[in-house]
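What's in entry_4.tsv: TSV, C-alpha atoms
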```
chain	number	residue	atom	x	y	z
A	265	MET	CA	0.00	0.00	0.00
A	266	LEU	CA	2.44	2.69	1.20
A	267	GLU	CA	6.21	2.44	1.46
A	268	ILE	CA	8.74	5.01	2.63
A	269	LYS	CA	12.35	4.47	1.58
A	270	ASN	CA	15.28	6.27	3.23
A	271	LEU	CA	13.24	9.40	4.01
A	272	SER	CA	15.16	12.37	5.40
A	273	VAL	CA	13.73	15.76	6.31
A	274	HIS	CA	16.27	18.33	7.49
A	275	PHE	CA	15.57	21.88	8.66
A	276	PRO	CA	18.36	24.50	8.45
A	277	VAL	CA	19.13	26.67	11.49
A	278	ARG	CA	20.08	30.16	10.30
A	279	GLY	CA	21.67	33.08	12.08
A	280	GLY	CA	24.11	35.95	11.88
A	281	ILE	CA	24.01	39.13	9.84
A	282	LEU	CA	23.95	37.24	6.53
A	283	ASN	CA	21.38	34.71	7.74
A	284	ARG	CA	23.72	31.83	6.95
A	285	VAL	CA	22.99	28.19	7.71
A	286	LEU	CA	24.69	27.48	11.06
A	287	SER	CA	23.51	23.93	11.54
A	288	VAL	CA	20.89	21.42	10.45
A	289	VAL	CA	18.14	19.76	12.48
A	290	LYS	CA	17.62	16.19	11.25
A	291	ALA	CA	13.92	15.83	12.07
A	292	VAL	CA	13.71	12.59	10.06
A	293	ASP	CA	16.91	10.70	9.34
A	294	ASP	CA	17.00	7.90	6.73
A	295	LEU	CA	13.65	6.39	7.77
A	296	SER	CA	12.03	3.41	6.01
A	297	ILE	CA	8.52	2.04	6.69
A	298	LYS	CA	6.24	-0.32	4.82
A	299	ILE	CA	2.49	-0.33	5.56
A	300	GLU	CA	0.28	-3.04	4.07
A	301	GLU	CA	-3.28	-2.51	2.82
A	302	GLY	CA	-5.89	-2.62	5.60
A	303	GLU	CA	-3.22	-2.33	8.30
A	304	ALA	CA	-3.16	0.13	11.18
A	305	TYR	CA	0.48	1.08	11.75
A	306	GLY	CA	1.29	2.92	14.97
A	307	LEU	CA	4.20	5.37	14.93
A	308	VAL	CA	5.16	6.12	18.53
A	309	GLY	CA	7.73	8.39	20.14
A	310	GLU	CA	8.29	11.38	22.36
A	311	SER	CA	7.69	14.98	21.25
A	312	GLY	CA	10.37	16.08	18.80
A	313	CYS	CA	11.27	12.59	17.56
A	314	GLY	CA	10.08	13.33	14.00
A	315	LYS	CA	6.83	11.38	13.83
A	316	THR	CA	4.61	14.36	12.89
A	317	THR	CA	7.18	15.49	10.31
A	318	THR	CA	6.99	12.01	8.80
A	319	GLY	CA	3.20	12.17	8.57
A	320	ARG	CA	3.21	15.67	7.07
A	321	SER	CA	5.83	14.60	4.52
A	322	ILE	CA	3.61	11.75	3.34
A	323	VAL	CA	0.77	14.15	2.50
A	324	GLY	CA	3.10	16.73	0.94
A	325	LEU	CA	3.06	19.36	3.68
A	326	ASN	CA	6.80	19.23	4.37
A	327	LYS	CA	9.69	19.55	1.95
A	328	ILE	CA	11.61	16.28	1.71
A	329	THR	CA	15.40	16.46	1.80
A	330	SER	CA	15.94	12.99	0.32
A	331	GLY	CA	14.25	9.62	0.02
A	332	SER	CA	11.17	8.28	-1.74
A	333	ILE	CA	7.49	7.62	-0.98
A	334	PHE	CA	5.59	4.92	-2.91
A	335	TYR	CA	1.84	4.33	-3.05
A	336	ASN	CA	0.67	1.04	-4.55
A	337	GLY	CA	4.07	0.67	-6.20
A	338	ASP	CA	4.10	4.15	-7.81
A	339	GLU	CA	6.45	6.86	-6.58
A	340	ILE	CA	4.53	9.91	-5.34
A	341	THR	CA	7.37	11.88	-3.72
A	342	SER	CA	6.99	14.88	-6.02
A	343	THR	CA	3.36	14.53	-7.20
A	344	ILE	CA	1.86	14.54	-3.67
A	345	LYS	CA	3.09	18.14	-3.20
A	346	LYS	CA	0.84	19.49	-5.96
A	347	ASN	CA	-2.49	20.88	-4.73
A	348	ASN	CA	-4.45	19.34	-7.60
A	349	SER	CA	-2.63	16.01	-7.56
A	350	PRO	CA	-5.11	13.09	-8.01
A	351	ILE	CA	-3.15	11.09	-5.41
A	352	ARG	CA	-4.42	13.48	-2.72
A	353	GLU	CA	-7.87	11.96	-3.12
A	354	HIS	CA	-6.44	8.65	-1.90
A	355	ILE	CA	-4.28	9.95	0.97
A	356	GLN	CA	-5.84	12.21	3.60
A	357	MET	CA	-4.86	13.47	7.05
A	358	ILE	CA	-6.58	13.90	10.41
A	359	PHE	CA	-4.82	16.68	12.29
A	360	GLN	CA	-3.86	16.79	15.94
A	361	ASP	CA	-5.71	19.86	17.18
A	362	PRO	CA	-9.50	19.78	16.60
A	363	TYR	CA	-9.67	23.48	17.53
A	364	SER	CA	-7.16	24.96	15.06
A	365	SER	CA	-7.57	22.46	12.20
A	366	LEU	CA	-11.14	23.63	11.44
A	367	ASN	CA	-11.78	27.04	9.86
A	368	SER	CA	-13.74	29.04	12.44
A	369	GLN	CA	-15.34	31.14	9.66
A	370	LYS	CA	-16.93	28.14	7.92
A	371	THR	CA	-19.89	25.95	8.82
A	372	LEU	CA	-19.68	22.18	9.25
A	373	TYR	CA	-21.21	21.81	5.77
A	374	GLN	CA	-18.59	24.05	4.14
A	375	ILE	CA	-15.72	22.32	5.95
A	376	VAL	CA	-16.70	18.78	4.98
A	377	ALA	CA	-17.68	19.84	1.44
A	378	GLU	CA	-14.37	21.58	0.69
A	379	PRO	CA	-12.45	18.44	-0.44
A	380	LEU	CA	-15.35	17.55	-2.75
A	381	ARG	CA	-15.17	20.98	-4.39
A	382	ASN	CA	-11.39	20.76	-4.76
A	383	PHE	CA	-11.43	17.40	-6.51
A	384	GLY	CA	-13.82	16.39	-9.26
A	385	ASN	CA	-16.77	18.08	-10.92
A	386	ARG	CA	-19.73	17.32	-8.67
A	387	SER	CA	-23.15	18.96	-8.59
A	388	GLU	CA	-24.33	20.75	-5.47
A	389	GLU	CA	-26.86	17.97	-4.89
A	390	GLU	CA	-24.11	15.31	-5.02
A	391	ILE	CA	-21.97	17.32	-2.61
A	392	ARG	CA	-24.81	17.78	-0.13
A	393	LYS	CA	-25.67	14.08	-0.26
A	394	ARG	CA	-22.07	13.07	0.42
A	395	VAL	CA	-21.61	15.61	3.23
A	396	LEU	CA	-24.78	14.42	4.95
A	397	GLU	CA	-23.74	10.79	4.54
A	398	MET	CA	-20.33	11.37	6.15
A	399	THR	CA	-21.57	13.51	9.05
A	400	LEU	CA	-24.18	10.88	9.90
A	401	GLN	CA	-21.45	8.20	9.71
A	402	VAL	CA	-19.49	9.94	12.47
A	403	GLY	CA	-22.55	10.48	14.66
A	404	ILE	CA	-23.43	14.13	13.92
A	405	SER	CA	-27.03	14.93	12.97
A	406	GLU	CA	-28.30	16.86	9.95
A	407	ASP	CA	-29.44	19.69	12.23
A	408	ALA	CA	-25.77	20.56	12.89
A	409	LEU	CA	-24.76	21.08	9.24
A	410	TYR	CA	-24.86	24.87	9.43
A	411	LYS	CA	-23.28	25.28	12.84
A	412	TYR	CA	-19.77	26.75	13.28
A	413	PRO	CA	-16.82	24.93	14.95
A	414	HIS	CA	-17.13	26.85	18.24
A	415	GLU	CA	-20.60	25.36	18.72
A	416	PHE	CA	-19.23	21.81	18.96
A	417	SER	CA	-17.38	19.97	21.71
A	418	GLY	CA	-13.77	18.79	21.26
A	419	GLY	CA	-14.86	15.24	20.47
A	420	GLN	CA	-17.41	16.44	17.93
A	421	ARG	CA	-14.82	18.65	16.26
A	422	GLN	CA	-12.44	15.74	15.89
A	423	ARG	CA	-15.24	13.66	14.38
A	424	ILE	CA	-15.83	16.50	11.89
A	425	GLY	CA	-12.13	16.27	11.05
A	426	ILE	CA	-12.55	12.53	10.48
A	427	ALA	CA	-15.60	13.15	8.26
A	428	ARG	CA	-13.64	15.69	6.21
A	429	ALA	CA	-10.76	13.22	5.79
A	430	LEU	CA	-13.12	10.43	4.68
A	431	THR	CA	-15.38	12.43	2.37
A	432	LEU	CA	-13.29	11.64	-0.75
A	433	ASN	CA	-13.32	7.95	0.15
A	434	PRO	CA	-9.52	7.71	0.57
A	435	ALA	CA	-7.68	4.43	1.06
A	436	PHE	CA	-4.93	5.77	3.34
A	437	ILE	CA	-5.28	8.02	6.39
A	438	VAL	CA	-2.51	9.74	8.33
A	439	ALA	CA	-3.87	10.34	11.84
A	440	ASP	CA	-1.53	12.73	13.64
A	441	GLU	CA	-2.11	12.59	17.40
A	442	ALA	CA	-5.81	12.43	16.56
A	443	VAL	CA	-6.94	12.01	20.19
A	444	SER	CA	-4.15	13.56	22.27
A	445	ALA	CA	-5.96	16.89	22.74
A	446	LEU	CA	-9.16	15.23	23.99
A	447	ASP	CA	-10.42	14.07	27.37
A	448	VAL	CA	-9.92	10.38	28.12
A	449	SER	CA	-13.64	9.55	27.74
A	450	ILE	CA	-13.79	11.42	24.42
A	451	GLN	CA	-10.59	9.69	23.29
A	452	ALA	CA	-12.31	6.33	23.61
A	453	GLN	CA	-15.26	7.54	21.49
A	454	VAL	CA	-13.02	8.84	18.69
A	455	ILE	CA	-10.84	5.71	18.67
A	456	ASN	CA	-13.94	3.54	18.45
A	457	TYR	CA	-15.22	5.64	15.53
A	458	MET	CA	-11.87	5.30	13.76
A	459	GLU	CA	-11.88	1.55	14.30
A	460	GLU	CA	-15.45	1.34	13.01
A	461	MET	CA	-14.60	3.45	9.94
A	462	GLN	CA	-11.61	1.22	9.20
A	463	GLY	CA	-13.86	-1.82	9.13
A	464	LYS	CA	-16.53	-0.13	6.98
A	465	PHE	CA	-14.22	1.41	4.38
A	466	ASN	CA	-11.20	-0.94	4.53
A	467	LEU	CA	-8.94	1.98	5.50
A	468	THR	CA	-5.21	1.82	6.04
A	469	TYR	CA	-3.94	3.98	8.93
A	470	LEU	CA	-0.67	5.55	9.91
A	471	PHE	CA	-1.59	6.37	13.50
A	472	ILE	CA	0.89	8.81	15.06
A	473	SER	CA	0.90	9.02	18.85
A	474	HIS	CA	3.03	9.32	21.96
A	475	ASP	CA	0.60	7.09	23.89
A	476	LEU	CA	1.42	3.39	23.66
A	477	ASN	CA	-1.88	2.39	25.29
A	478	VAL	CA	-3.90	4.10	22.54
A	479	VAL	CA	-1.76	2.54	19.82
A	480	LYS	CA	-2.09	-0.89	21.44
A	481	HIS	CA	-5.88	-0.65	21.15
A	482	LEU	CA	-6.04	0.40	17.49
A	483	CYS	CA	-2.91	-0.89	15.72
A	484	SER	CA	-1.60	-4.28	14.65
A	485	LYS	CA	1.98	-3.13	13.99
A	486	ILE	CA	4.08	-0.56	15.84
A	487	GLY	CA	7.20	1.43	14.98
A	488	ILE	CA	9.09	3.11	17.83
A	489	MET	CA	10.73	6.35	16.70
A	490	HIS	CA	13.62	8.16	18.36
A	491	LYS	CA	15.96	10.86	17.07
A	492	GLY	CA	14.35	10.78	13.63
A	493	ARG	CA	14.76	7.02	13.13
A	494	ILE	CA	12.83	3.81	13.77
A	495	VAL	CA	14.58	2.06	16.65
A	496	GLU	CA	12.21	-0.91	16.98
A	497	GLU	CA	9.41	-2.33	14.85
A	498	GLY	CA	7.12	-5.28	15.37
A	499	THR	CA	3.65	-6.54	16.17
A	500	VAL	CA	1.82	-5.35	19.28
A	501	GLU	CA	2.91	-8.59	21.00
A	502	ASP	CA	6.56	-8.04	20.01
A	503	ILE	CA	6.64	-4.50	21.42
A	504	PHE	CA	4.67	-5.10	24.62
A	505	GLU	CA	5.71	-8.64	25.50
A	506	ASN	CA	9.27	-8.74	24.15
A	507	PRO	CA	10.72	-5.21	23.90
A	508	GLN	CA	14.40	-5.20	22.96
A	509	HIS	CA	15.50	-1.60	22.44
A	510	ILE	CA	16.33	0.36	25.57
A	511	TYR	CA	14.21	3.32	24.37
A	512	THR	CA	11.16	1.06	23.89
A	513	LYS	CA	11.60	-0.20	27.45
A	514	LYS	CA	11.84	3.41	28.63
A	515	LEU	CA	8.52	4.26	26.92
A	516	LEU	CA	6.83	1.18	28.39
A	517	SER	CA	8.09	2.04	31.88
A	518	SER	CA	6.53	5.51	31.57
A	519	ILE	CA	2.99	4.16	31.12
A	520	PRO	CA	1.00	5.13	34.25
A	521	THR	CA	-0.26	2.27	36.38
A	522	GLU	CA	-4.02	1.85	36.72
A	523	HIS	CA	-3.98	0.17	40.14
A	524	PRO	CA	-2.33	1.58	43.29
A	525	ARG	CA	-1.17	-1.91	44.26
A	526	ASP	CA	1.03	-2.02	41.13
A	527	ARG	CA	2.89	1.21	41.86
A	528	GLU	CA	5.80	-0.43	43.66
A	529	LYS	CA	6.26	-2.90	40.80
A	530	VAL	CA	6.22	-0.07	38.24
A	531	PHE	CA	8.70	2.06	40.21
A	532	LYS	CA	11.04	-0.94	40.44
A	533	PHE	CA	10.78	-1.51	36.67
A	534	ARG	CA	11.58	2.17	36.01
A	535	LYS	CA	14.71	1.98	38.16
A	536	GLU	CA	15.82	-1.17	36.34
A	537	VAL	CA	15.32	0.49	32.95
A	538	ALA	CA	17.24	3.62	34.04
A	539	LYS	CA	20.15	1.45	35.18
A	540	LEU	CA	20.01	-0.65	32.01
A	541	HIS	CA	20.02	2.51	29.87
A	542	LYS	CA	23.35	3.63	31.35
A	543	GLU	CA	24.92	0.19	31.00
A	544	THR	CA	23.77	-0.70	27.47
A	545	GLU	CA	23.33	2.61	25.66
A	546	HIS	CA	26.44	1.94	23.53
A	547	LEU	CA	24.75	-1.16	22.06
A	548	PHE	CA	21.90	0.91	20.58
A	549	TYR	CA	23.52	4.26	19.68
A	550	ASP	CA	26.82	5.07	18.00
A	551	GLU	CA	29.41	7.51	19.39
A	552	SER	CA	27.50	10.51	17.99
A	553	GLY	CA	24.26	9.35	19.64
A	554	ARG	CA	22.64	8.24	16.36
A	555	PRO	CA	20.58	5.03	16.56
A	556	TYR	CA	22.00	2.07	14.64
A	557	ASP	CA	20.27	0.61	11.58
A	558	LEU	CA	17.40	-1.84	12.09
A	559	LYS	CA	18.32	-5.52	12.22
A	560	GLU	CA	15.85	-8.40	12.00
A	561	ILE	CA	15.66	-10.64	15.08
A	562	SER	CA	12.49	-12.50	13.98
A	563	PRO	CA	10.20	-12.50	10.93
A	564	THR	CA	8.02	-9.78	12.55
A	565	HIS	CA	10.50	-8.01	14.83
A	566	LYS	CA	13.32	-5.56	14.04
A	567	VAL	CA	15.61	-3.67	16.41
A	568	ALA	CA	18.16	-0.88	15.87
A	569	ILE	CA	21.19	-2.45	17.50
A	570	LYS	CA	24.95	-2.72	16.90
A	571	GLU	CA	24.99	-6.53	16.65
A	572	VAL	CA	22.09	-9.02	16.63
A	573	ASN	CA	23.89	-11.22	19.15
A	574	ASN	CA	23.62	-8.36	21.65
A	575	VAL	CA	19.86	-9.04	21.92
```

I need this file expressed as structure tokens, please.
Amino acid sequence: MLEIKNLSVHFPVRGGILNRVLSVVKAVDDLSIKIEEGEAYGLVGESGCGKTTTGRSIVGLNKITSGSIFYNGDEITSTIKKNNSPIREHIQMIFQDPYSSLNSQKTLYQIVAEPLRNFGNRSEEEIRKRVLEMTLQVGISEDALYKYPHEFSGGQRQRIGIARALTLNPAFIVADEAVSALDVSIQAQVINYMEEMQGKFNLTYLFISHDLNVVKHLCSKIGIMHKGRIVEEGTVEDIFENPQHIYTKKLLSSIPTEHPRDREKVFKFRKEVAKLHKETEHLFYDESGRPYDLKEISPTHKVAIKEVNNV
């Protein structure tokens, strides 16, 4: 379905009187991912690791320094950047912030109808029919079509964002922190809607998040990202039951415990991981601090490590 090969996205840091390039921030550094049709791939990492930059690069919102993006075997690296590119009908994005990603000057109807007006030559009746169909799909009634974004709750706004992303009937969705700005109860509603939409429309997701628990619920495959690179990749079982990279273990140890009786066990695990990080960091990062290349340790599991026998 979608494959990223050796993607790099670098941002220059300028300064001085002549505004020269002083250094370069490697937001994404030689990253490769393959996502199969119908799969929900979770891209997880801390803030600043490059996961959002990766998602925005896929939909053409960031300038790519090097590398290639393929969709169904065809390279789309340059074509996805064009506003009228037909490939944009097939790849859509759900943005992180449901408050800023919707135009406050437009009604729900205008927001969801905009992609339909941008692509194809549809009549007003066809547009209205499709808008109504999609808003009903995400649980918003016809009465709300002419309301403005400020009249909806956070969860409703995010569902409007989902409706807008699905209105062109795309095959691939980039969901960038789609629930991180919402209350926990609303998060569950939106995740359930996304799961339901995936089943109805056979969608393929790249689900970007910093929350491993959310990703565990929705995704079948997970990539752990650190310093612009994938440091571990595998099935949900591989990542949660058999984590190998020290950074993956660090993320798992940061998950809050649900039961007070488990606190002591969690604190002990965190201390063990902190100690392990100091002792084994050289096995996972080179002298400059850059993660090593991924190496396969099982048919479904890859780890960025110096030598496989270190696992």

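In this structure, atom CA of Gly492 of chain A sits 8.4 Å away from atom CA of Gly312 of chain A.
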
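We find atom CA of Thr512 of chain A and atom CA of Arg527 of chain A to be spaced 19.8 Å apart.
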
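For the atom pair formed by atom CA of Ile391 of chain A and atom CA of Asn348 of chain A, the distance is 18.3 Å, given to one decimal.
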
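Polymer residues near (-10.9, 26.2, 10.5): counting all atoms listed in the file with a cut-off of 12 Å, they are Phe359, Asp361, Pro362, Tyr363, Ser364, Ser365, Leu366, Asn367, Ser368, Gln369, Lys370, Thr371, Leu372, Gln374, Ile375, Val376, Glu378, Tyr412, Pro413, His414, Arg421, Gln422, Ile424, Gly425 and Arg428 of chain A.
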
Quick one: which segment 423-493 of chain A residues come within 10 Å of segment 502-505 of chain A, and what is the nearest atom pair for each with the distance in Å to one decimal, counting all atoms listed in the file, rows ordered by chain and ascending number, as a Markdown table?
```
| residue | atom | partner | partner_atom | distance |
| --- | --- | --- | --- | --- |
| A:Leu476 | CA | A:Phe504 | CA | 9.1 |
| A:Asn477 | CA | A:Phe504 | CA | 10.0 |
| A:Lys480 | CA | A:Phe504 | CA | 8.6 |
| A:Lys485 | CA | A:Ile503 | CA | 8.9 |
| A:Ile486 | CA | A:Ile503 | CA | 7.3 |
| A:Gly487 | CA | A:Ile503 | CA | 8.8 |
| A:Ile488 | CA | A:Ile503 | CA | 8.8 |
```

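When the distance limit is 10 Å and all atoms listed in the file are what count, the residues near His541 of chain A, minus those fewer than 5 positions from it on the same chain, are His509, Ile510, Tyr511, Lys513, Lys514, Lys535, Glu536, His546, Leu547 and Phe548 of chain A.
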
_Counting only C-alpha atoms, which residues have an atom no more than 10 Å from (-7.1, 11.3, 4.8) in the file's coordinates? Please list them as a PyMOL selection string._
chain A and resi 323+352-359+425-439+467-469

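Take the candidates A:Lys570, A:Gly280, A:Ser330, A:Thr318 and check each one against Glu551 of chain A using only C-alpha atoms; the shortest distance goes to A:Lys570.
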
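Residues surrounding segment 446-458 of chain A within 8 Å are Val402, Gly418, Gly419, Gln422, Arg423, Ile426, Val443, Met461, Gln462 and Leu482 of chain A [only C-alpha atoms; sequence separation below 3 positions excluded].
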
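Nearest to Met489 of chain A of all the residues A:Ser473, A:Ser272, A:Ser342, A:Gln360 is A:Ser473, based on all atoms listed in the file.
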
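Of the listed residues A:Lys542, A:Lys315, A:Lys269, A:Arg278, the one whose atoms come nearest to Ile472 of chain A is A:Lys315, with distances taken using only C-alpha atoms.
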
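Of the listed residues (A:Lys393, A:Leu470, A:Met398, A:Pro350), A:Leu470 comes nearest to Arg320 of chain A; the distances count all atoms listed in the file.
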
What would segment 278-289 of chain A look like with all heavy atoms restored, written as a compact mmCIF listing (two decimals), in the frame of the given file?
```
# COMPACT_ATOMS: atom_id res chain seq x y z
N ARG A 278 19.37 28.99 10.84
CA ARG A 278 20.08 30.16 10.30
C ARG A 278 20.34 31.20 11.39
O ARG A 278 19.65 31.26 12.40
CB ARG A 278 19.27 30.77 9.16
CG ARG A 278 19.06 29.84 7.97
CD ARG A 278 18.24 30.49 6.87
NE ARG A 278 18.03 29.58 5.76
CZ ARG A 278 18.87 29.46 4.74
NH1 ARG A 278 19.98 30.20 4.70
NH2 ARG A 278 18.62 28.61 3.76
N GLY A 279 21.35 32.01 11.14
CA GLY A 279 21.67 33.08 12.08
C GLY A 279 22.74 34.00 11.53
O GLY A 279 23.27 33.80 10.43
N GLY A 280 23.08 35.01 12.31
CA GLY A 280 24.11 35.95 11.88
C GLY A 280 23.55 37.04 10.99
O GLY A 280 22.40 37.01 10.58
N ILE A 281 24.42 37.98 10.65
CA ILE A 281 24.01 39.13 9.84
C ILE A 281 23.57 38.70 8.45
O ILE A 281 22.61 39.22 7.89
CB ILE A 281 25.18 40.14 9.74
CG1 ILE A 281 25.52 40.67 11.14
CG2 ILE A 281 24.81 41.29 8.81
CD1 ILE A 281 26.74 41.54 11.18
N LEU A 282 24.25 37.70 7.89
CA LEU A 282 23.95 37.24 6.53
C LEU A 282 22.93 36.10 6.49
O LEU A 282 22.67 35.54 5.44
CB LEU A 282 25.25 36.81 5.83
CG LEU A 282 26.32 37.90 5.69
CD1 LEU A 282 27.58 37.33 5.07
CD2 LEU A 282 25.79 39.06 4.85
N ASN A 283 22.40 35.78 7.65
CA ASN A 283 21.38 34.71 7.74
C ASN A 283 21.89 33.39 7.13
O ASN A 283 21.19 32.72 6.39
CB ASN A 283 20.08 35.14 7.03
CG ASN A 283 18.89 34.29 7.46
OD1 ASN A 283 18.83 33.81 8.59
ND2 ASN A 283 17.96 34.08 6.56
N ARG A 284 23.12 33.05 7.46
CA ARG A 284 23.72 31.83 6.95
C ARG A 284 23.21 30.61 7.71
O ARG A 284 22.73 30.72 8.84
CB ARG A 284 25.24 31.89 7.08
CG ARG A 284 25.90 32.90 6.14
CD ARG A 284 27.38 32.99 6.41
NE ARG A 284 28.05 33.89 5.48
CZ ARG A 284 29.31 34.29 5.61
NH1 ARG A 284 30.02 33.87 6.65
NH2 ARG A 284 29.84 35.11 4.72
N VAL A 285 23.36 29.45 7.06
CA VAL A 285 22.99 28.19 7.71
C VAL A 285 24.08 27.83 8.71
O VAL A 285 25.24 27.60 8.34
CB VAL A 285 22.82 27.06 6.68
CG1 VAL A 285 22.53 25.74 7.40
CG2 VAL A 285 21.70 27.39 5.70
N LEU A 286 23.72 27.79 10.00
CA LEU A 286 24.69 27.48 11.06
C LEU A 286 24.74 26.00 11.38
O LEU A 286 25.79 25.46 11.71
CB LEU A 286 24.33 28.28 12.32
CG LEU A 286 24.25 29.80 12.16
CD1 LEU A 286 23.85 30.43 13.48
CD2 LEU A 286 25.59 30.37 11.68
N SER A 287 23.58 25.37 11.28
CA SER A 287 23.51 23.93 11.54
C SER A 287 22.24 23.38 10.91
O SER A 287 21.45 24.12 10.33
CB SER A 287 23.52 23.64 13.05
OG SER A 287 22.39 24.22 13.68
N VAL A 288 22.07 22.08 11.04
CA VAL A 288 20.89 21.42 10.45
C VAL A 288 20.23 20.53 11.49
O VAL A 288 20.91 19.78 12.20
CB VAL A 288 21.30 20.57 9.22
CG1 VAL A 288 20.12 19.75 8.73
CG2 VAL A 288 21.81 21.46 8.10
N VAL A 289 18.91 20.64 11.61
CA VAL A 289 18.14 19.76 12.48
C VAL A 289 17.63 18.59 11.64
O VAL A 289 16.87 18.80 10.69
CB VAL A 289 16.95 20.49 13.14
CG1 VAL A 289 16.10 19.52 13.95
CG2 VAL A 289 17.45 21.63 14.02
```
